[in-house]
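Structure data (TSV, C-alpha atoms) from run16.tsv:
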```
chain	number	residue	atom	x	y	z
A	1	MET	CA	-31.02	4.92	1.11
A	2	SER	CA	-32.53	4.20	4.51
A	3	THR	CA	-33.24	7.30	6.59
A	4	THR	CA	-33.60	5.43	9.86
A	5	VAL	CA	-30.53	5.16	12.07
A	6	ARG	CA	-30.22	3.05	15.20
A	7	CYS	CA	-27.71	4.27	17.76
A	8	ARG	CA	-27.01	2.44	21.02
A	9	ILE	CA	-24.86	3.92	23.78
A	10	GLY	CA	-24.79	1.65	26.76
A	11	ASP	CA	-28.38	0.76	27.57
A	12	VAL	CA	-29.85	3.75	25.72
A	13	VAL	CA	-31.10	3.16	22.17
A	14	ARG	CA	-32.23	5.90	19.81
A	15	ARG	CA	-33.81	5.52	16.38
A	16	GLY	CA	-34.59	8.02	13.69
A	17	ARG	CA	-33.22	10.27	10.97
A	18	ALA	CA	-32.00	12.98	13.31
A	19	LEU	CA	-30.55	11.87	16.64
A	20	THR	CA	-29.06	13.89	19.49
A	21	VAL	CA	-26.45	12.28	21.74
A	22	THR	CA	-25.73	13.91	25.09
A	23	ALA	CA	-23.69	11.07	26.59
A	24	PRO	CA	-19.94	11.70	27.06
A	25	VAL	CA	-18.83	9.93	23.88
A	26	GLU	CA	-16.22	11.35	21.52
A	27	PRO	CA	-17.66	12.24	18.09
A	28	THR	CA	-14.87	10.24	16.45
A	29	VAL	CA	-16.01	7.16	18.36
A	30	LEU	CA	-19.53	7.63	16.98
A	31	ALA	CA	-18.14	8.00	13.44
A	32	ARG	CA	-16.08	4.83	13.80
A	33	ALA	CA	-19.21	3.03	14.94
A	34	VAL	CA	-21.00	4.25	11.80
A	35	ARG	CA	-18.14	2.75	9.76
A	36	ALA	CA	-18.43	-0.46	11.82
A	37	GLU	CA	-14.85	-0.05	12.97
A	38	SER	CA	-14.25	-1.46	16.41
A	39	ASP	CA	-12.04	0.46	18.81
A	40	GLY	CA	-12.77	-1.69	21.83
A	41	ASP	CA	-15.62	0.52	23.08
A	42	THR	CA	-18.53	-1.95	23.16
A	43	ARG	CA	-20.89	0.68	24.58
A	44	VAL	CA	-21.44	2.29	21.18
A	45	THR	CA	-23.18	0.71	18.21
A	46	VAL	CA	-24.63	2.42	15.15
A	47	VAL	CA	-26.73	0.60	12.56
A	48	SER	CA	-27.17	2.45	9.27
A	49	ASP	CA	-26.43	2.25	5.58
A	50	GLU	CA	-22.81	1.73	4.57
A	51	PRO	CA	-20.88	5.02	4.27
A	52	GLY	CA	-20.02	6.34	0.83
A	53	PRO	CA	-16.54	7.44	-0.37
A	54	ALA	CA	-16.86	10.97	1.01
A	55	TYR	CA	-17.62	9.80	4.53
A	56	ARG	CA	-13.98	9.37	5.49
A	57	TYR	CA	-13.49	13.12	4.96
A	58	VAL	CA	-16.70	14.69	6.26
A	59	GLY	CA	-18.42	11.91	8.16
A	60	CYS	CA	-17.43	13.52	11.46
A	61	ILE	CA	-17.58	17.31	11.49
A	62	ARG	CA	-16.21	18.83	14.67
A	63	ARG	CA	-14.38	21.84	15.98
A	64	GLY	CA	-10.66	21.76	15.36
A	65	MET	CA	-10.89	19.27	12.48
A	66	GLY	CA	-8.68	19.36	9.43
A	67	LEU	CA	-9.87	18.84	5.88
A	68	ARG	CA	-8.31	18.26	2.46
A	69	THR	CA	-11.13	20.10	0.74
A	70	ARG	CA	-10.25	19.39	-2.90
A	71	THR	CA	-9.76	15.68	-2.22
A	72	ALA	CA	-13.00	15.59	-0.24
A	73	LEU	CA	-14.86	17.29	-3.11
A	74	ALA	CA	-13.60	14.66	-5.54
A	75	ALA	CA	-14.86	11.96	-3.18
A	76	ALA	CA	-18.18	13.79	-2.94
A	77	ALA	CA	-18.52	13.66	-6.72
A	78	ARG	CA	-17.68	9.94	-6.69
A	79	SER	CA	-20.31	9.37	-4.02
A	80	ARG	CA	-22.90	10.67	-6.46
A	81	GLY	CA	-21.77	8.39	-9.25
A	82	PHE	CA	-19.85	10.90	-11.37
A	83	GLU	CA	-17.20	9.46	-13.67
A	84	THR	CA	-14.17	10.88	-15.46
A	85	PRO	CA	-12.46	10.32	-18.83
A	86	HIS	CA	-9.51	8.86	-16.90
A	87	ASP	CA	-11.38	6.08	-15.11
A	88	THR	CA	-10.67	3.28	-17.59
A	89	ALA	CA	-6.95	4.02	-17.72
A	90	LEU	CA	-6.90	4.47	-13.95
A	91	ALA	CA	-8.51	1.08	-13.34
A	92	ALA	CA	-5.97	-0.56	-15.64
A	93	ALA	CA	-3.10	1.24	-13.89
A	94	ARG	CA	-4.34	0.09	-10.49
A	95	GLU	CA	-4.57	-3.50	-11.71
A	96	ARG	CA	-1.04	-3.26	-13.09
A	97	VAL	CA	0.33	-1.92	-9.80
A	98	ALA	CA	-1.49	-4.64	-7.87
A	99	ALA	CA	-0.10	-7.34	-10.18
A	100	LEU	CA	3.46	-6.06	-9.83
A	101	THR	CA	3.10	-5.70	-6.07
A	102	ASP	CA	1.71	-9.22	-5.68
A	103	LYS	CA	4.54	-10.88	-7.59
A	104	SER	CA	6.82	-12.71	-5.22
A	105	GLY	CA	10.19	-14.36	-5.55
A	106	ASN	CA	12.99	-15.74	-3.46
A	107	GLU	CA	14.58	-12.66	-2.02
A	108	SER	CA	18.34	-12.65	-1.68
A	109	THR	CA	20.37	-10.41	0.54
A	110	ALA	CA	23.70	-8.80	-0.14
A	111	ALA	CA	25.20	-11.11	2.49
A	112	GLU	CA	23.86	-14.16	0.67
A	113	ARG	CA	25.27	-12.97	-2.67
A	114	GLU	CA	28.64	-12.32	-1.03
A	115	ARG	CA	28.60	-15.80	0.50
A	116	LEU	CA	27.95	-17.33	-2.92
A	117	ARG	CA	30.70	-15.24	-4.54
A	118	GLN	CA	33.11	-16.44	-1.85
A	119	ALA	CA	32.04	-20.05	-2.45
A	120	VAL	CA	32.72	-19.67	-6.19
A	121	ALA	CA	36.15	-18.15	-5.51
A	122	GLU	CA	37.08	-20.93	-3.08
A	123	ALA	CA	35.87	-23.64	-5.47
A	124	SER	CA	37.90	-22.10	-8.30
A	125	ILE	CA	41.03	-21.99	-6.16
A	126	LYS	CA	40.51	-25.61	-5.11
A	127	SER	CA	40.06	-26.71	-8.73
A	128	GLU	CA	43.20	-24.86	-9.81
A	129	ARG	CA	45.25	-26.53	-7.09
A	130	LEU	CA	43.90	-29.96	-8.04
A	131	ARG	CA	44.73	-29.35	-11.70
A	132	GLU	CA	48.30	-28.72	-10.58
A	133	THR	CA	48.15	-31.95	-8.55
A	134	VAL	CA	46.91	-33.88	-11.61
A	135	ALA	CA	49.67	-32.38	-13.75
A	136	ALA	CA	52.28	-33.38	-11.17
A	137	ALA	CA	50.82	-36.91	-10.93
A	138	ARG	CA	51.03	-37.28	-14.71
A	139	GLY	CA	54.62	-36.14	-14.59
A	140	ARG	CA	55.50	-38.77	-11.95
A	141	LEU	CA	53.74	-41.49	-13.96
A	142	GLN	CA	55.67	-40.52	-17.09
A	143	ALA	CA	58.95	-40.49	-15.15
A	144	ARG	CA	58.33	-44.00	-13.75
A	145	ARG	CA	57.56	-45.29	-17.23
A	146	GLU	CA	60.71	-43.73	-18.61
A	147	GLN	CA	62.69	-45.27	-15.75
A	148	GLU	CA	60.97	-48.61	-16.42
A	149	LEU	CA	59.62	-48.65	-12.87
A	150	ASP	CA	56.28	-50.12	-11.80
A	151	PRO	CA	53.73	-47.48	-12.95
A	152	ALA	CA	50.88	-48.82	-10.79
A	153	PRO	CA	51.38	-46.55	-7.72
A	154	ALA	CA	51.64	-43.47	-9.96
A	155	GLN	CA	48.61	-44.57	-11.98
A	156	THR	CA	46.56	-44.95	-8.78
A	157	ALA	CA	47.68	-41.55	-7.53
A	158	LEU	CA	46.81	-39.98	-10.89
A	159	ALA	CA	43.36	-41.58	-10.96
A	160	GLU	CA	42.64	-40.35	-7.43
A	161	ALA	CA	43.80	-36.84	-8.32
A	162	ILE	CA	41.64	-36.80	-11.46
A	163	GLU	CA	38.61	-37.95	-9.44
A	164	ARG	CA	39.15	-35.23	-6.85
A	165	LEU	CA	39.55	-32.66	-9.65
A	166	SER	CA	36.32	-33.83	-11.30
A	167	GLU	CA	34.42	-33.50	-8.02
A	168	ALA	CA	35.90	-30.06	-7.39
A	169	GLU	CA	35.01	-28.85	-10.89
A	170	THR	CA	31.46	-30.14	-10.44
A	171	GLU	CA	31.20	-28.25	-7.13
A	172	ALA	CA	32.65	-25.12	-8.76
A	173	ALA	CA	30.16	-25.32	-11.65
A	174	ALA	CA	27.28	-25.76	-9.21
A	175	ALA	CA	28.47	-22.79	-7.15
A	176	ARG	CA	28.68	-20.61	-10.27
A	177	GLN	CA	25.19	-21.73	-11.30
A	178	ARG	CA	23.77	-20.82	-7.89
A	179	LEU	CA	25.43	-17.42	-8.05
A	180	ASP	CA	24.21	-16.82	-11.62
A	181	THR	CA	20.66	-17.78	-10.59
A	182	VAL	CA	20.69	-15.39	-7.63
A	183	ARG	CA	22.12	-12.59	-9.78
A	184	GLU	CA	19.47	-13.16	-12.45
A	185	ARG	CA	16.69	-13.09	-9.85
A	186	SER	CA	18.14	-9.92	-8.40
A	187	ARG	CA	18.13	-8.29	-11.86
A	188	GLU	CA	14.56	-9.43	-12.44
A	189	ARG	CA	13.47	-7.98	-9.10
A	190	GLN	CA	15.20	-4.71	-9.89
A	191	ASP	CA	13.50	-4.55	-13.29
A	192	ARG	CA	10.16	-5.34	-11.64
A	193	ARG	CA	10.68	-2.64	-9.02
A	194	GLU	CA	11.48	-0.09	-11.71
A	195	GLU	CA	8.40	-1.15	-13.67
A	196	GLN	CA	6.34	-0.91	-10.48
A	197	PHE	CA	7.64	2.60	-9.79
A	198	ARG	CA	6.69	3.66	-13.32
A	199	ALA	CA	3.24	2.10	-12.94
A	200	GLU	CA	2.73	3.78	-9.55
A	201	ASP	CA	3.78	7.12	-11.01
A	202	GLN	CA	1.33	6.68	-13.88
A	203	MET	CA	-1.42	5.70	-11.44
A	204	ALA	CA	-0.73	8.74	-9.24
A	205	ASN	CA	-0.88	11.06	-12.27
A	206	LEU	CA	-4.18	9.55	-13.38
A	207	GLU	CA	-5.58	9.81	-9.84
A	208	ARG	CA	-4.67	13.51	-9.75
A	209	ARG	CA	-6.34	14.11	-13.12
A	210	ALA	CA	-9.44	12.19	-12.07
A	211	ARG	CA	-9.69	14.11	-8.79
A	212	ALA	CA	-9.35	17.43	-10.62
A	213	HIS	CA	-12.10	16.46	-13.06
A	214	LEU	CA	-14.41	15.32	-10.26
A	215	ARG	CA	-13.72	18.43	-8.21
A	216	ASP	CA	-14.54	20.67	-11.16
A	217	THR	CA	-17.80	18.77	-11.63
A	218	VAL	CA	-19.20	19.79	-8.23
A	219	GLU	CA	-17.21	22.92	-7.38
A	220	ASP	CA	-20.04	25.32	-8.26
A	221	GLU	CA	-22.41	23.37	-6.02
A	222	TYR	CA	-19.81	23.49	-3.25
A	223	VAL	CA	-19.46	27.27	-3.55
A	224	THR	CA	-23.23	27.67	-3.36
A	225	ALA	CA	-23.44	25.37	-0.34
A	226	LEU	CA	-20.59	27.22	1.38
A	227	GLY	CA	-22.47	30.46	1.02
A	228	ALA	CA	-25.45	28.92	2.79
A	229	VAL	CA	-23.52	27.37	5.71
A	230	PRO	CA	-24.94	28.60	9.05
A	231	ASP	CA	-22.52	31.02	10.74
A	232	GLY	CA	-20.02	30.45	7.93
A	233	GLY	CA	-18.58	33.93	8.07
A	234	GLU	CA	-16.75	35.74	5.28
A	235	THR	CA	-13.85	34.28	3.31
A	236	ALA	CA	-11.65	35.41	0.44
A	237	THR	CA	-11.91	32.15	-1.50
A	238	PRO	CA	-14.06	29.03	-1.16
A	239	PHE	CA	-11.04	27.00	-0.11
A	240	GLU	CA	-9.92	29.36	2.65
A	241	ALA	CA	-13.04	29.14	4.79
A	242	ASP	CA	-12.79	27.56	8.21
A	243	PRO	CA	-12.63	23.72	8.14
A	244	VAL	CA	-16.08	23.22	9.69
A	245	SER	CA	-17.75	25.43	7.09
A	246	ARG	CA	-15.90	23.68	4.26
A	247	ALA	CA	-16.79	20.26	5.66
A	248	LEU	CA	-20.47	21.16	5.96
A	249	ALA	CA	-20.52	22.42	2.38
A	250	VAL	CA	-18.85	19.25	1.09
A	251	ALA	CA	-21.24	17.10	3.13
A	252	ARG	CA	-24.23	18.94	1.60
A	253	VAL	CA	-22.87	18.26	-1.89
A	254	ALA	CA	-22.01	14.60	-1.22
A	255	ASP	CA	-24.16	11.51	-0.92
A	256	LEU	CA	-22.83	10.29	2.42
A	257	SER	CA	-25.30	7.37	2.62
A	258	ALA	CA	-24.60	7.03	6.35
A	259	PRO	CA	-25.37	9.52	9.16
A	260	VAL	CA	-22.90	12.37	9.55
A	261	VAL	CA	-21.73	12.98	13.11
A	262	LEU	CA	-21.90	16.66	14.04
A	263	ALA	CA	-20.12	18.29	16.98
A	264	CYS	CA	-19.75	21.79	15.62
A	265	GLY	CA	-22.57	23.82	17.18
A	266	ARG	CA	-23.82	25.25	13.86
A	267	PHE	CA	-27.37	23.90	14.16
A	268	GLU	CA	-29.94	24.33	16.91
A	269	THR	CA	-31.33	20.85	16.48
A	270	ALA	CA	-30.45	17.56	14.83
A	271	CYS	CA	-33.55	17.90	12.64
A	272	ALA	CA	-32.34	21.27	11.35
A	273	ALA	CA	-28.97	19.77	10.52
A	274	ALA	CA	-30.49	16.75	8.78
A	275	ASP	CA	-32.77	18.99	6.72
A	276	TRP	CA	-29.91	21.29	5.70
A	277	LEU	CA	-27.55	18.45	4.84
A	278	ASP	CA	-30.32	16.26	3.40
A	279	THR	CA	-28.83	13.23	5.16
A	280	PRO	CA	-29.28	11.47	8.51
A	281	VAL	CA	-27.46	13.13	11.40
A	282	ILE	CA	-26.12	12.14	14.79
A	283	ARG	CA	-25.64	15.41	16.69
A	284	SER	CA	-23.27	15.22	19.64
A	285	THR	CA	-23.80	17.81	22.34
A	286	SER	CA	-21.61	16.21	25.01
A	287	PRO	CA	-19.01	18.54	26.57
A	288	GLU	CA	-15.69	18.52	24.78
A	289	ARG	CA	-12.95	16.66	26.61
```
If you convert what's in this file into C-alpha cells, what do you get?
Amino acid sequence: MSTTVRCRIGDVVRRGRALTVTAPVEPTVLARAVRAESDGDTRVTVVSDEPGPAYRYVGCIRRGMGLRTRTALAAAARSRGFETPHDTALAAARERVAALTDKSGNESTAAERERLRQAVAEASIKSERLRETVAAARGRLQARREQELDPAPAQTALAEAIERLSEAETEAAAARQRLDTVRERSRERQDRREEQFRAEDQMANLERRARAHLRDTVEDEYVTALGAVPDGGETATPFEADPVSRALAVARVADLSAPVVLACGRFETACAAADWLDTPVIRSTSPER
C-alpha cells in the first residue's frame, strides 16, 4: 500500500502520509474525492490507493456522524482478507439472484390481458353467429332442392357463409393462442419472481451469517482499539460508545488502503492520527458549516 497521498484543493497541492487541510471544504467532499466520486466540485482532487471495503463506513470520521458498527466491523474484517465458511454458498446465491434478475421477457399488463380476453370473447361470438348463418344457408339449399328450384344461389350463399366462418374460426383460434401465450408468460414471470424472492432471502440469510462470523473475528481487536481511542470516554458496552470513538476503533482495526478523512478533533496533529490509525490521514481543521 502506498503511504503517499496527493491532495489538491484549488491551486494548493499537498503530498504526504499525514496531511492537514484548513481550506473551507466539507470533509465528505474530501472523502468523495478519495473514492474518485465526482460531485461537480473540480477544486478538490485526491490521488491515493483505492479504498477498501470498510472505507464506506469509516473513511470519513466527523462529529455528528452515524455508524452501523457491526456492519462496519464485518467490512473491516473483509478488508484484511478474512473469509467465512459461508462465502462459497454466498457467492453462488449472489450469482443466482443476478441470473434471475437479469432474465427478461415481454411484460404484459393487466390491461393487455383484458384486451386479449375481450378479443377472444368477441371472436367466439362472431364464430357462433356465423355457424348459425351456415346452418340457415344449408337449410335454404335443402329446401330449394326439395322444391326442385335452382340450387345455385343457395349454394353460393352457403359457400360464402362457410368461408366467412372459416376465417372467423381462424381468427378466434389465433386470439386464443395469443391469450394462452400471454398467460403462460405471466405464469413463468410469477414463478421466476417467487424463485427470485427465495434466492434473495437465502442470500440475505447468508450475508447475515457471514457478517456475524467476520464481526466475531475482529471484535476483540475492536474492543482493545476502543479502549485506546483518544478522549473516548466511558461506555457500558463496546457498541454504545459515541459514533466517533466507534468509527476510530473500527478504522484502526481495518485496512482502509486509502487515507481516512478526519474532522473529529481527537488528535493534535495529522501525524499523530496517522500513527494511531496506522493509515494515511487527511485531517480537516476547517470551521464547521
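The smallest atom-to-atom distance between Arg185 in chain A and any of A:Ala92, A:Arg113, A:Leu256, A:Val223, using all atoms listed in the file, is found for A:Arg113.
The nearest approach to Thr22 in chain A among the residues A:Gly64, A:Phe82, A:Ala273, A:Arg283, with all atoms listed in the file taken into account, belongs to A:Arg283.
Taking CA of Leu179 in chain A and CA of Arg193 in chain A as the two end points, the separation is 20.9 Å.
Taking all atoms listed in the file, the non-local environment of range 133-150 of chain A within 12 Å (same-chain residues fewer than 5 positions away omitted) comprises Lys126, Ser127, Glu128, Gln155, Thr156, Ala157, Leu158, Ala159, Glu160, Ala161, Ile162, Glu163, Arg164, Leu165 and Ser166 of chain A.
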Give the centre and edge lengths of an axis-aligned box, in Å to one decimal, that holds all listed atoms of range 231-250 of chain A with 8 Å on each side, as lines of an AutoDock Vina configuration file.
```
center_x = -16.2
center_y = 27.5
center_z = 4.6
size_x = 28.6
size_y = 32.5
size_z = 28.2
```
What is the CA of Arg209 in chain A-CA of Ala93 in chain A distance in Å, reported with one decimal? 13.3 Å
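Minimum atom-to-atom distance to Ala251 in chain A, evaluated using all atoms listed in the file, belongs to A:Ala76 out of A:Ala76, A:Ala99, A:Ala210, A:Ala121.
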